[in-house]
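S.K.: File work.tsv follows (TSV, C-alpha atoms):
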```
chain	number	residue	atom	x	y	z
A	1	MET	CA	76.67	106.74	107.37
A	2	SER	CA	78.13	103.47	106.16
A	3	ALA	CA	77.94	102.08	102.67
A	4	TYR	CA	78.21	98.63	104.21
A	5	THR	CA	74.62	98.75	105.36
A	6	HIS	CA	73.54	99.13	101.73
A	7	GLN	CA	75.31	95.87	100.89
A	8	ASP	CA	76.99	96.72	97.61
A	9	PRO	CA	78.22	93.32	96.43
A	10	ARG	CA	81.78	94.60	96.18
A	11	LEU	CA	81.98	95.44	99.87
A	12	HIS	CA	82.31	91.88	101.08
A	13	GLY	CA	85.38	91.33	98.90
A	14	ILE	CA	86.94	94.53	100.23
A	15	LYS	CA	86.24	93.77	103.88
A	16	THR	CA	87.78	90.28	103.69
A	17	LYS	CA	90.99	91.70	102.27
A	18	ILE	CA	91.73	93.89	105.24
A	19	ARG	CA	94.11	92.15	107.62
A	20	VAL	CA	93.97	92.60	111.39
A	21	VAL	CA	97.36	92.63	113.13
A	22	PRO	CA	97.09	92.28	116.92
A	23	ASN	CA	99.17	94.36	119.33
A	24	PHE	CA	100.40	96.90	116.80
A	25	PRO	CA	101.75	99.52	117.29
A	26	LYS	CA	101.34	98.61	120.95
A	27	SER	CA	99.69	95.97	123.15
A	28	GLY	CA	95.94	95.87	123.04
A	29	ILE	CA	95.54	97.55	119.66
A	30	MET	CA	94.04	95.46	116.82
A	31	PHE	CA	95.60	97.21	113.80
A	32	GLN	CA	93.51	97.35	110.64
A	33	ASP	CA	96.03	96.73	107.87
A	34	ILE	CA	94.95	97.84	104.39
A	35	THR	CA	98.13	96.72	102.67
A	36	THR	CA	96.60	93.30	101.98
A	37	LEU	CA	93.72	95.06	100.22
A	38	LEU	CA	96.28	96.74	97.93
A	39	LEU	CA	97.60	93.31	96.94
A	40	ASP	CA	94.25	92.43	95.37
A	41	PRO	CA	93.90	94.54	92.22
A	42	LYS	CA	90.17	93.89	91.93
A	43	ALA	CA	89.39	94.71	95.55
A	44	PHE	CA	91.58	97.82	95.42
A	45	LYS	CA	89.88	98.96	92.22
A	46	ASP	CA	86.43	98.29	93.73
A	47	THR	CA	87.38	100.40	96.76
A	48	ILE	CA	88.30	103.34	94.55
A	49	ASP	CA	85.25	102.83	92.33
A	50	LEU	CA	82.89	102.98	95.30
A	51	PHE	CA	84.27	106.38	96.29
A	52	VAL	CA	84.39	107.65	92.71
A	53	GLU	CA	80.77	106.67	92.10
A	54	ARG	CA	79.77	108.60	95.19
A	55	TYR	CA	81.70	111.80	94.38
A	56	LYS	CA	81.70	112.05	90.60
A	57	GLY	CA	79.44	114.82	89.33
A	58	LYS	CA	79.26	116.52	92.74
A	59	ASN	CA	81.57	119.35	91.72
A	60	ILE	CA	84.34	118.30	94.07
A	61	SER	CA	87.45	120.32	93.20
A	62	VAL	CA	89.81	119.09	95.94
A	63	VAL	CA	90.69	115.67	97.32
A	64	ALA	CA	92.82	116.14	100.43
A	65	GLY	CA	94.71	113.04	101.55
A	66	ILE	CA	96.23	112.54	104.96
A	67	GLU	CA	99.82	111.28	105.08
A	68	ALA	CA	100.66	108.54	104.44
A	69	ARG	CA	97.89	106.04	103.75
A	70	GLY	CA	95.56	108.78	102.54
A	71	PHE	CA	98.14	109.24	99.76
A	72	ILE	CA	97.31	105.75	98.50
A	73	PHE	CA	93.53	106.20	98.21
A	74	GLY	CA	93.24	109.93	97.54
A	75	PRO	CA	95.08	110.35	94.21
A	76	PRO	CA	93.19	107.62	92.30
A	77	ILE	CA	89.92	109.18	93.46
A	78	ALA	CA	91.13	112.68	92.53
A	79	LEU	CA	92.24	111.55	89.07
A	80	ALA	CA	88.92	109.83	88.37
A	81	ILE	CA	86.73	112.74	89.44
A	82	GLY	CA	88.94	115.47	87.94
A	83	ALA	CA	89.89	117.10	91.24
A	84	LYS	CA	93.20	118.45	92.54
A	85	PHE	CA	95.04	116.23	95.01
A	86	VAL	CA	96.29	118.06	98.11
A	87	PRO	CA	98.58	116.19	100.50
A	88	LEU	CA	98.16	116.96	104.20
A	89	ARG	CA	101.44	116.18	105.92
A	90	LYS	CA	103.26	115.88	109.22
A	91	PRO	CA	105.35	118.94	110.13
A	92	LYS	CA	108.36	119.98	108.05
A	93	LYS	CA	107.66	117.66	105.11
A	94	LEU	CA	106.05	120.20	102.78
A	95	PRO	CA	108.49	122.72	101.30
A	96	GLY	CA	107.58	126.39	101.03
A	97	LYS	CA	104.80	128.20	102.83
A	98	VAL	CA	102.38	126.11	104.87
A	99	ILE	CA	99.57	126.51	107.37
A	100	SER	CA	99.46	124.21	110.41
A	101	GLN	CA	96.76	122.76	112.59
A	102	GLU	CA	97.54	121.18	115.90
A	103	TYR	CA	95.44	118.36	117.29
A	104	ILE	CA	95.28	116.30	120.46
A	105	LEU	CA	96.48	112.70	120.70
A	106	GLU	CA	95.82	110.25	123.50
A	107	TYR	CA	99.14	111.39	124.96
A	108	GLY	CA	100.37	114.72	123.67
A	109	ARG	CA	99.78	116.59	120.45
A	110	ASP	CA	100.53	116.37	116.76
A	111	CYS	CA	100.30	118.74	113.84
A	112	LEU	CA	99.05	118.59	110.26
A	113	GLU	CA	100.22	120.98	107.51
A	114	MET	CA	98.89	122.09	104.13
A	115	HIS	CA	100.47	124.28	101.46
A	116	VAL	CA	99.38	127.90	101.30
A	117	GLY	CA	97.68	128.40	97.95
A	118	ALA	CA	96.87	124.76	97.29
A	119	VAL	CA	93.23	125.28	98.15
A	120	GLU	CA	91.16	128.36	97.39
A	121	THR	CA	88.03	129.93	98.81
A	122	GLY	CA	85.06	128.22	97.26
A	123	ASP	CA	86.81	124.91	96.60
A	124	ARG	CA	84.60	121.92	97.46
A	125	ALA	CA	86.72	119.30	99.20
A	126	ILE	CA	86.64	115.76	100.46
A	127	VAL	CA	89.17	114.46	102.97
A	128	VAL	CA	90.46	110.92	102.47
A	129	ASP	CA	92.22	108.60	104.88
A	130	ASP	CA	92.38	104.82	105.19
A	131	LEU	CA	90.76	104.77	108.62
A	132	ILE	CA	88.93	106.93	111.12
A	133	ALA	CA	89.63	106.15	114.76
A	134	THR	CA	89.02	109.02	117.19
A	135	GLY	CA	88.63	111.49	114.34
A	136	GLY	CA	91.35	113.82	115.63
A	137	THR	CA	93.39	113.82	112.44
A	138	LEU	CA	90.31	114.25	110.24
A	139	CYS	CA	89.14	117.16	112.37
A	140	ALA	CA	92.50	118.86	111.97
A	141	ALA	CA	92.29	118.27	108.22
A	142	MET	CA	88.82	119.81	108.03
A	143	ASP	CA	89.99	122.80	110.09
A	144	LEU	CA	92.86	123.44	107.67
A	145	LEU	CA	90.54	123.38	104.67
A	146	GLU	CA	87.89	125.54	106.29
A	147	ARG	CA	90.46	128.09	107.42
A	148	VAL	CA	91.26	128.82	103.79
A	149	GLY	CA	87.61	129.08	102.83
A	150	ALA	CA	87.00	125.65	101.31
A	151	GLU	CA	83.81	123.73	101.93
A	152	VAL	CA	84.41	120.25	103.30
A	153	VAL	CA	81.67	118.22	101.66
A	154	GLU	CA	82.56	114.93	103.34
A	155	CYS	CA	85.27	112.80	104.91
A	156	ALA	CA	85.79	109.44	103.27
A	157	CYS	CA	87.53	106.48	104.86
A	158	VAL	CA	87.85	102.82	104.01
A	159	ILE	CA	87.45	101.75	107.64
A	160	GLU	CA	85.69	103.12	110.68
A	161	LEU	CA	86.27	101.99	114.24
A	162	PRO	CA	82.88	102.84	115.71
A	163	GLU	CA	83.73	101.67	119.19
A	164	LEU	CA	86.06	104.66	119.57
A	165	LYS	CA	84.29	107.81	120.58
A	166	VAL	CA	83.71	110.13	117.67
A	167	HIS	CA	82.31	113.59	118.19
A	168	THR	CA	78.76	113.73	116.90
A	169	TYR	CA	79.40	116.87	114.84
A	170	ILE	CA	81.95	115.27	112.63
A	171	TYR	CA	80.28	111.87	112.60
A	172	ASP	CA	77.44	113.39	110.62
A	173	ARG	CA	79.89	114.44	107.96
A	174	VAL	CA	81.76	111.16	107.68
A	175	VAL	CA	81.05	108.43	105.20
A	176	ASN	CA	82.70	105.07	105.29
A	177	VAL	CA	82.95	102.03	103.10
B	178	MET	CA	120.81	114.40	65.91
B	179	GLN	CA	122.10	110.98	66.80
B	180	SER	CA	121.58	108.00	64.55
B	181	SER	CA	119.57	105.01	65.64
B	182	SER	CA	122.70	102.85	65.85
B	183	SER	CA	124.25	105.07	68.51
B	184	ARG	CA	120.94	104.94	70.39
B	185	LEU	CA	121.26	101.16	70.53
B	186	LEU	CA	124.68	101.69	72.08
B	187	LEU	CA	123.08	103.94	74.66
B	188	CYS	CA	120.76	101.14	75.64
B	189	SER	CA	123.30	98.41	76.04
B	190	SER	CA	126.51	99.89	77.37
B	191	LYS	CA	127.09	103.09	79.28
B	192	PRO	CA	124.01	105.26	79.22
B	193	ASN	CA	125.52	108.14	81.11
B	194	SER	CA	128.18	109.33	78.71
B	195	LEU	CA	125.80	109.75	75.79
B	196	PHE	CA	123.02	110.88	78.10
B	197	GLY	CA	125.22	113.62	79.53
B	198	SER	CA	126.20	114.95	76.14
B	199	ALA	CA	122.61	115.24	75.03
B	200	VAL	CA	121.52	117.47	77.90
B	201	THR	CA	121.21	121.12	76.94
B	202	PRO	CA	123.32	122.92	79.52
B	203	THR	CA	121.65	126.31	79.23
B	204	LEU	CA	118.23	125.26	80.48
B	205	PRO	CA	117.63	124.92	84.21
B	206	SER	CA	115.74	121.71	83.63
B	207	SER	CA	115.89	119.48	80.62
B	208	LEU	CA	112.55	118.92	79.00
B	209	ARG	CA	113.56	116.14	76.73
B	210	PHE	CA	111.67	112.89	76.62
B	211	PRO	CA	113.94	110.53	78.46
B	212	PRO	CA	116.43	108.22	76.84
B	213	LEU	CA	115.74	104.62	77.66
B	214	SER	CA	118.32	102.34	79.16
B	215	LEU	CA	116.63	98.98	78.99
B	216	THR	CA	119.08	96.22	79.71
B	217	ILE	CA	119.31	93.24	77.41
B	218	PRO	CA	117.57	90.60	79.53
B	219	ASN	CA	118.75	87.07	80.00
B	220	SER	CA	115.49	85.72	81.35
B	221	THR	CA	112.71	83.92	79.57
B	222	SER	CA	110.75	87.11	79.38
B	223	SER	CA	113.30	88.47	76.94
B	224	SER	CA	110.85	88.58	74.04
B	225	ILE	CA	108.64	91.10	75.82
B	226	ARG	CA	111.55	93.33	76.69
B	227	LEU	CA	113.16	93.16	73.28
B	228	ARG	CA	109.91	94.23	71.70
B	229	SER	CA	109.77	97.29	73.91
B	230	LEU	CA	113.48	97.91	73.31
B	231	ARG	CA	112.83	98.15	69.57
B	232	SER	CA	109.91	100.50	70.01
B	233	SER	CA	111.88	102.62	72.45
B	234	VAL	CA	114.71	102.92	69.93
B	235	THR	CA	112.19	104.31	67.46
B	236	GLU	CA	110.93	106.83	70.05
B	237	MET	CA	114.44	107.94	70.86
B	238	ALA	CA	115.52	108.10	67.24
B	239	SER	CA	112.68	110.51	66.48
B	240	GLN	CA	114.08	112.94	69.11
B	241	ASP	CA	110.57	114.15	69.73
B	242	GLN	CA	109.54	115.04	73.18
B	243	ASP	CA	106.07	113.85	74.06
B	244	PRO	CA	103.91	117.01	73.97
B	245	ARG	CA	102.63	116.33	77.48
B	246	ILE	CA	106.09	116.63	79.06
B	247	ALA	CA	106.37	120.42	78.80
B	248	ARG	CA	103.29	121.01	80.90
B	249	ILE	CA	104.36	118.40	83.44
B	250	SER	CA	107.79	119.96	83.76
B	251	SER	CA	106.47	123.48	84.17
B	252	ALA	CA	104.01	122.32	86.82
B	253	ILE	CA	106.86	121.26	89.10
B	254	ARG	CA	107.87	123.98	91.52
B	255	VAL	CA	111.45	124.54	92.69
B	256	ILE	CA	111.91	125.62	96.28
B	257	PRO	CA	115.41	126.90	97.08
B	258	ASP	CA	117.20	125.98	100.29
B	259	PHE	CA	114.85	123.18	101.36
B	260	PRO	CA	115.30	121.12	103.45
B	261	LYS	CA	118.63	122.86	103.97
B	262	PRO	CA	120.69	125.66	102.34
B	263	GLY	CA	122.01	124.90	98.89
B	264	ILE	CA	119.37	122.34	97.97
B	265	MET	CA	116.93	123.22	95.16
B	266	PHE	CA	113.94	121.12	96.14
B	267	GLN	CA	111.79	119.75	93.32
B	268	ASP	CA	108.24	120.08	94.60
B	269	ILE	CA	105.70	117.86	92.84
B	270	THR	CA	102.73	119.05	94.90
B	271	THR	CA	102.06	121.78	92.35
B	272	LEU	CA	101.89	119.10	89.65
B	273	LEU	CA	99.15	117.40	91.69
B	274	LEU	CA	97.13	120.63	91.58
B	275	ASP	CA	97.11	120.57	87.77
B	276	THR	CA	94.58	117.87	87.00
B	277	LYS	CA	95.60	117.52	83.36
B	278	ALA	CA	99.33	117.40	84.11
B	279	PHE	CA	98.86	114.85	86.91
B	280	LYS	CA	96.73	112.65	84.66
B	281	ASP	CA	99.28	112.97	81.84
B	282	THR	CA	102.07	111.95	84.23
B	283	ILE	CA	100.23	108.77	85.15
B	284	ASP	CA	99.26	108.09	81.53
B	285	LEU	CA	102.89	108.30	80.38
B	286	PHE	CA	103.89	105.60	82.84
B	287	VAL	CA	100.81	103.47	82.15
B	288	GLU	CA	101.38	103.59	78.39
B	289	ARG	CA	104.93	102.37	78.92
B	290	TYR	CA	104.13	99.51	81.28
B	291	ARG	CA	100.67	98.22	80.47
B	292	ASP	CA	101.85	95.47	78.11
B	293	GLN	CA	104.95	94.52	80.07
B	294	ASN	CA	103.36	91.85	82.26
B	295	ILE	CA	104.08	93.78	85.44
B	296	SER	CA	102.38	92.26	88.48
B	297	VAL	CA	103.86	94.51	91.20
B	298	VAL	CA	104.18	98.27	91.55
B	299	ALA	CA	106.31	99.07	94.60
B	300	GLY	CA	106.08	102.66	95.81
B	301	VAL	CA	108.56	104.33	98.14
B	302	GLU	CA	107.07	106.24	101.06
B	303	ALA	CA	105.66	108.83	100.95
B	304	ARG	CA	105.57	110.49	97.51
B	305	GLY	CA	105.85	107.12	95.77
B	306	PHE	CA	102.45	106.43	97.36
B	307	ILE	CA	100.97	109.23	95.25
B	308	PHE	CA	102.18	108.01	91.85
B	309	GLY	CA	102.37	104.25	92.38
B	310	PRO	CA	98.73	103.33	93.12
B	311	PRO	CA	97.18	105.05	90.07
B	312	ILE	CA	99.73	103.25	87.87
B	313	ALA	CA	99.08	99.91	89.61
B	314	LEU	CA	95.32	100.28	89.24
B	315	ALA	CA	95.57	101.12	85.56
B	316	ILE	CA	97.85	98.19	84.67
B	317	GLY	CA	96.14	95.66	86.97
B	318	ALA	CA	99.13	95.19	89.29
B	319	LYS	CA	99.38	94.94	93.07
B	320	PHE	CA	100.57	98.00	94.94
B	321	VAL	CA	103.27	97.32	97.54
B	322	PRO	CA	104.25	100.15	99.88
B	323	MET	CA	107.94	100.39	100.85
B	324	ARG	CA	108.07	102.16	104.18
B	325	LYS	CA	110.31	103.72	106.80
B	326	PRO	CA	110.97	101.48	109.80
B	327	LYS	CA	108.17	100.50	112.18
B	328	LYS	CA	105.31	101.73	109.99
B	329	LEU	CA	104.28	98.40	108.48
B	330	PRO	CA	102.50	96.07	110.90
B	331	GLY	CA	103.32	92.36	110.96
B	332	GLU	CA	106.36	90.62	109.52
B	333	VAL	CA	108.70	92.71	107.38
B	334	ILE	CA	112.07	92.49	105.67
B	335	SER	CA	114.42	95.49	105.89
B	336	GLU	CA	117.21	96.92	103.79
B	337	GLU	CA	119.63	99.48	105.13
B	338	TYR	CA	121.15	102.14	102.91
B	339	SER	CA	123.67	104.98	103.29
B	340	LEU	CA	122.78	108.62	103.55
B	341	GLU	CA	125.16	111.52	103.23
B	342	TYR	CA	125.49	111.29	107.02
B	343	GLY	CA	124.46	107.99	108.55
B	344	THR	CA	122.09	105.31	107.33
B	345	ASP	CA	118.38	104.74	106.88
B	346	LYS	CA	116.22	101.70	106.32
B	347	ILE	CA	113.23	100.74	104.22
B	348	GLU	CA	110.86	97.86	104.86
B	349	MET	CA	108.50	95.64	102.89
B	350	HIS	CA	105.93	93.12	104.08
B	351	VAL	CA	106.89	89.46	104.03
B	352	GLY	CA	104.58	87.71	101.57
B	353	ALA	CA	103.56	90.82	99.65
B	354	VAL	CA	105.42	89.61	96.59
B	355	GLN	CA	106.24	86.14	95.21
B	356	PRO	CA	109.37	84.84	93.49
B	357	GLY	CA	109.16	85.31	89.75
B	358	GLU	CA	106.93	88.37	89.84
B	359	ARG	CA	107.83	91.33	87.62
B	360	ALA	CA	107.97	94.66	89.43
B	361	LEU	CA	108.34	98.38	88.96
B	362	VAL	CA	109.73	100.65	91.66
B	363	ILE	CA	108.16	104.12	91.74
B	364	ASP	CA	109.23	107.30	93.46
B	365	ASP	CA	108.68	110.97	92.66
B	366	LEU	CA	112.38	111.67	92.22
B	367	ILE	CA	115.77	109.96	91.96
B	368	ALA	CA	118.72	111.85	93.48
B	369	THR	CA	121.68	109.72	94.56
B	370	GLY	CA	119.69	106.53	94.02
B	371	GLY	CA	120.26	105.24	97.54
B	372	THR	CA	116.60	104.71	98.36
B	373	LEU	CA	115.81	103.14	95.01
B	374	CYS	CA	118.76	100.78	95.32
B	375	ALA	CA	117.52	99.66	98.71
B	376	ALA	CA	114.04	99.10	97.28
B	377	ILE	CA	115.45	97.07	94.39
B	378	LYS	CA	117.50	94.96	96.80
B	379	LEU	CA	114.44	94.20	98.92
B	380	LEU	CA	112.59	92.91	95.89
B	381	GLU	CA	115.53	90.99	94.47
B	382	ARG	CA	116.15	89.32	97.84
B	383	VAL	CA	112.77	87.63	97.45
B	384	GLU	CA	113.48	86.73	93.82
B	385	VAL	CA	111.34	89.33	92.14
B	386	THR	CA	112.51	90.71	88.80
B	387	VAL	CA	112.76	94.49	88.91
B	388	VAL	CA	111.88	95.44	85.35
B	389	GLU	CA	112.48	99.17	85.79
B	390	CYS	CA	112.55	102.07	88.23
B	391	ALA	CA	110.30	104.91	87.26
B	392	CYS	CA	110.45	108.45	88.59
B	393	VAL	CA	108.89	111.72	87.57
B	394	ILE	CA	112.18	113.63	88.06
B	395	GLU	CA	115.87	112.80	87.86
B	396	LEU	CA	118.72	114.92	89.20
B	397	PRO	CA	121.44	113.72	86.82
B	398	GLU	CA	124.27	115.51	88.64
B	399	LEU	CA	123.76	113.24	91.62
B	400	LYS	CA	124.46	110.18	89.49
B	401	GLY	CA	121.59	108.04	90.70
B	402	ARG	CA	121.47	106.33	87.32
B	403	GLU	CA	125.04	105.11	87.83
B	404	ARG	CA	124.24	103.84	91.29
B	405	LEU	CA	121.48	101.71	89.78
B	406	GLY	CA	124.14	100.07	87.63
B	407	ASP	CA	122.59	97.99	84.92
B	408	ARG	CA	119.06	98.36	86.30
B	409	SER	CA	116.73	100.29	84.05
B	410	LEU	CA	115.59	103.79	84.96
B	411	PHE	CA	112.82	105.73	83.30
B	412	VAL	CA	112.13	109.39	84.08
B	413	LEU	CA	109.97	112.11	82.58
B	414	VAL	CA	111.95	115.20	83.51
B	415	GLU	CA	115.56	116.04	84.38
B	416	ALA	CA	116.42	118.88	86.74
B	417	GLU	CA	119.36	120.47	88.50
B	418	GLY	CA	119.50	119.50	92.14
B	419	ALA	CA	121.64	122.20	93.65
```
Output the file's structure in the form of structure tokens.
M.R.:
Amino acid sequence: MSAYTHQDPRLHGIKTKIRVVPNFPKSGIMFQDITTLLLDPKAFKDTIDLFVERYKGKNISVVAGIEARGFIFGPPIALAIGAKFVPLRKPKKLPGKVISQEYILEYGRDCLEMHVGAVETGDRAIVVDDLIATGGTLCAAMDLLERVGAEVVECACVIELPELKVHTYIYDRVVNV
Amino acid sequence: MQSSSSRLLLCSSKPNSLFGSAVTPTLPSSLRFPPLSLTIPNSTSSSIRLRSLRSSVTEMASQDQDPRIARISSAIRVIPDFPKPGIMFQDITTLLLDTKAFKDTIDLFVERYRDQNISVVAGVEARGFIFGPPIALAIGAKFVPMRKPKKLPGEVISEEYSLEYGTDKIEMHVGAVQPGERALVIDDLIATGGTLCAAIKLLERVEVTVVECACVIELPELKGRERLGDRSLFVLVEAEGA
């Protein structure tokens, strides 16, 4: 489900602010760089507003953001809708007790961690990241939240790369700007 | 209770000596509203800074801690022996779980900076990414991420800095900021000040004025404030680092 198809007038301004950097981090990859969006206060604010308008009043108690660019978009959304912000991090970054979820990369594996006790059974959560590619990281994030009894209402990303294969199950639960 | 004239001295000469004497040694973390160490500017924007200097002297002279600080301070969790033995890690993630305390944290920074003509909020990866953007959005400034090497795509400038053992580097995008812009540097915590110094240098290399560094927490024993020299530092909470 993409908000772009509904043609909110703010979307055009947001889309044009995203910079594409070819061959990063390796040859053949067209990297979608959101840092140029962050340099435009109006476009950045519109981005946050679009998410806030969607999630305000839906009883969302947790905004989980994926390190590191999810840390840029998640907290402003959390603050505006009155939800907790929960950082989901690479291994060994979070101090204290954590739970981990491994996920598959193109070559090898990676791991996402969340603090024990940050999220409770019955919390209604959204997961925020700047971009969804294969969906591997978002799936790991959803697994972490569901393992502690939270309900993942939706995943929210600024950018989707639809040409990469995304499992149908999670695609139904993903919304994009 | 110090008089307002000695507070002026605090602002213009050596902040640390007076700052140190005001800390209550019996508490594990000091919950005082921070003293301000605004430098006397020599730029054309001096009128803006002098105005805030006067108002900050009034705040300091009243010796009142903002009522929001206590809740913010108590929301921060201390984890012993992380990332290694002997280190008392100041964990802000518990602050982020307290919606009122997190909002108050942002509000305290926004109230301080909204009329200071700040056009850039630079946040140091990764926890500076949590506090910087909400501040930037509220004051209408750009947000510029300062990142570990090889994370930012495209052209970057780098600044190396010393660690206890070895060195590290932070990077900023070329063209993110313009000469003459006024910037804040945000991180969750200042320890030795190495990272913040590197961030300041990156900005100053491209002729940006760093108005102030702002952190939620300071570990005064690690003397980060001294390492920043005459650059302004604003913090909400002081804590013991080890």
S.K.: Quick one: contact table of chain A to chain B, 7 Å max, nearest atom pair and distance in Å to one decimal per residue, counting all atoms listed in the file, chain and number order, as a Markdown table?
M.R.:
```
| residue | atom | partner | partner_atom | distance |
| --- | --- | --- | --- | --- |
| A:Val21 | CA | B:Gly331 | CA | 6.3 |
| A:Phe24 | CA | B:Pro330 | CA | 6.3 |
| A:Leu38 | CA | B:Phe320 | CA | 5.4 |
| A:Leu39 | CA | B:Lys319 | CA | 4.6 |
| A:Asp40 | CA | B:Lys319 | CA | 6.2 |
| A:Pro41 | CA | B:Lys319 | CA | 5.6 |
| A:Lys45 | CA | B:Leu314 | CA | 6.3 |
| A:Ala68 | CA | B:Ala303 | CA | 6.1 |
| A:Phe71 | CA | B:Ile307 | CA | 5.3 |
| A:Ile72 | CA | B:Phe306 | CA | 5.3 |
| A:Pro75 | CA | B:Ile307 | CA | 6.1 |
| A:Pro76 | CA | B:Pro311 | CA | 5.2 |
| A:Leu79 | CA | B:Lys280 | CA | 6.4 |
| A:Gly82 | CA | B:Thr276 | CA | 6.2 |
| A:Ala83 | CA | B:Thr276 | CA | 6.4 |
| A:Lys84 | CA | B:Leu274 | CA | 4.6 |
| A:Phe85 | CA | B:Leu273 | CA | 5.4 |
| A:Pro95 | CA | B:Phe259 | CA | 6.4 |
| A:Gly96 | CA | B:Ile256 | CA | 6.5 |
```
S.K.: Could you give me, as a list in words, the residues within 6 Å of segment 393-409 of chain B, counting all atoms listed in the file and dropping anything in the same chain fewer than 2 positions from it?
M.R.: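 With the cut-off at 6 Å, the set is Ser214, Leu215, Asp365, Leu366, Ile367, Ala368, Thr369, Gly370, Glu389, Val412, Leu413, Val414, Glu415, Ala416, Glu417 and Gly418 of chain B.
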S.K.: Could you jot down the atom CA of Cys139 of chain A to atom CA of Tyr103 of chain A separation for me, Å, one decimal place?
M.R.: 8.1 Å
S.K.: Just checking: using all atoms listed in the file, which residue out of A:Val128, A:Ile48, A:Ala118, A:Val86 ends up closest to Glu154 of chain A?
M.R.: A:Val128
S.K.: For segment 355-360 of chain B, list every protein, DNA or RNA residue within 6 Å, evaluated using only C-alpha atoms, and leave out those in the same chain fewer than 5 positions away; present the list as a list of chain:residue names.
M.R.: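 Returned residues: B:Ile295, B:Ser296, B:Val297, B:Val298, B:Val383, B:Glu384, B:Val385, B:Thr386, B:Val387, B:Val388.
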S.K.: Give the centre and edge lengths of an axis-aligned box, in Å to one decimal, that holds all listed atoms of segment 388-395 of chain B with 3 Å on each side, as lines of an AutoDock Vina configuration file.
M.R.:
```
center_x = 112.4
center_y = 104.5
center_z = 87.0
size_x = 13.0
size_y = 24.2
size_z = 9.2
```
S.K.: Determine, counting all atoms listed in the file, which protein, DNA and RNA residues have an atom within 9 Å of an atom of Thr372 of chain B; residues of the same chain fewer than 6 positions away are not included. Present the result as a list in words.
M.R.: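 Everything that qualifies: Val301, Tyr338, Ser339, Leu340, Asp345, Lys346 and Ile347 of chain B.
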S.K.: Supply segment 60-70 of chain A as an mmCIF file, in the frame of the given file, with N, CA, C and O atoms built in where the input has gaps.
M.R.:
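Wrote it out as part20.cif, contents follow:
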```cif
data_model
loop_
_atom_site.group_PDB
_atom_site.id
_atom_site.type_symbol
_atom_site.label_atom_id
_atom_site.label_comp_id
_atom_site.auth_asym_id
_atom_site.auth_seq_id
_atom_site.Cartn_x
_atom_site.Cartn_y
_atom_site.Cartn_z
ATOM 1 N N ILE A 60 83.263 118.320 93.097
ATOM 2 C CA ILE A 60 84.340 118.300 94.070
ATOM 3 C C ILE A 60 85.615 118.765 93.355
ATOM 4 O O ILE A 60 86.013 118.168 92.345
ATOM 5 N N SER A 61 86.252 119.815 93.861
ATOM 6 C CA SER A 61 87.450 120.320 93.200
ATOM 7 C C SER A 61 88.736 119.935 93.912
ATOM 8 O O SER A 61 89.825 120.074 93.357
ATOM 9 N N VAL A 62 88.628 119.438 95.155
ATOM 10 C CA VAL A 62 89.810 119.090 95.940
ATOM 11 C C VAL A 62 89.610 117.746 96.633
ATOM 12 O O VAL A 62 88.584 117.517 97.283
ATOM 13 N N VAL A 63 90.617 116.873 96.488
ATOM 14 C CA VAL A 63 90.690 115.670 97.320
ATOM 15 C C VAL A 63 91.921 115.861 98.193
ATOM 16 O O VAL A 63 93.050 115.953 97.684
ATOM 17 N N ALA A 64 91.699 115.976 99.496
ATOM 18 C CA ALA A 64 92.820 116.140 100.430
ATOM 19 C C ALA A 64 93.100 114.776 101.054
ATOM 20 O O ALA A 64 92.188 114.130 101.574
ATOM 21 N N GLY A 65 94.345 114.347 101.003
ATOM 22 C CA GLY A 65 94.710 113.040 101.550
ATOM 23 C C GLY A 65 95.660 113.192 102.705
ATOM 24 O O GLY A 65 96.608 113.980 102.647
ATOM 25 N N ILE A 66 95.422 112.419 103.759
ATOM 26 C CA ILE A 66 96.230 112.540 104.960
ATOM 27 C C ILE A 66 97.409 111.561 104.891
ATOM 28 O O ILE A 66 97.227 110.364 104.653
ATOM 29 N N GLU A 67 98.607 112.091 105.109
ATOM 30 C CA GLU A 67 99.820 111.280 105.080
ATOM 31 C C GLU A 67 99.732 110.144 106.088
ATOM 32 O O GLU A 67 99.314 110.386 107.233
ATOM 33 N N ALA A 68 100.156 108.955 105.736
ATOM 34 C CA ALA A 68 100.660 108.540 104.440
ATOM 35 C C ALA A 68 99.653 107.664 103.696
ATOM 36 O O ALA A 68 99.691 107.602 102.474
ATOM 37 N N ARG A 69 98.776 106.982 104.432
ATOM 38 C CA ARG A 69 97.890 106.040 103.750
ATOM 39 C C ARG A 69 96.776 106.750 102.980
ATOM 40 O O ARG A 69 96.210 106.189 102.051
ATOM 41 N N GLY A 70 96.497 107.988 103.335
ATOM 42 C CA GLY A 70 95.560 108.780 102.540
ATOM 43 C C GLY A 70 96.154 109.109 101.172
ATOM 44 O O GLY A 70 95.412 109.432 100.233
#
```
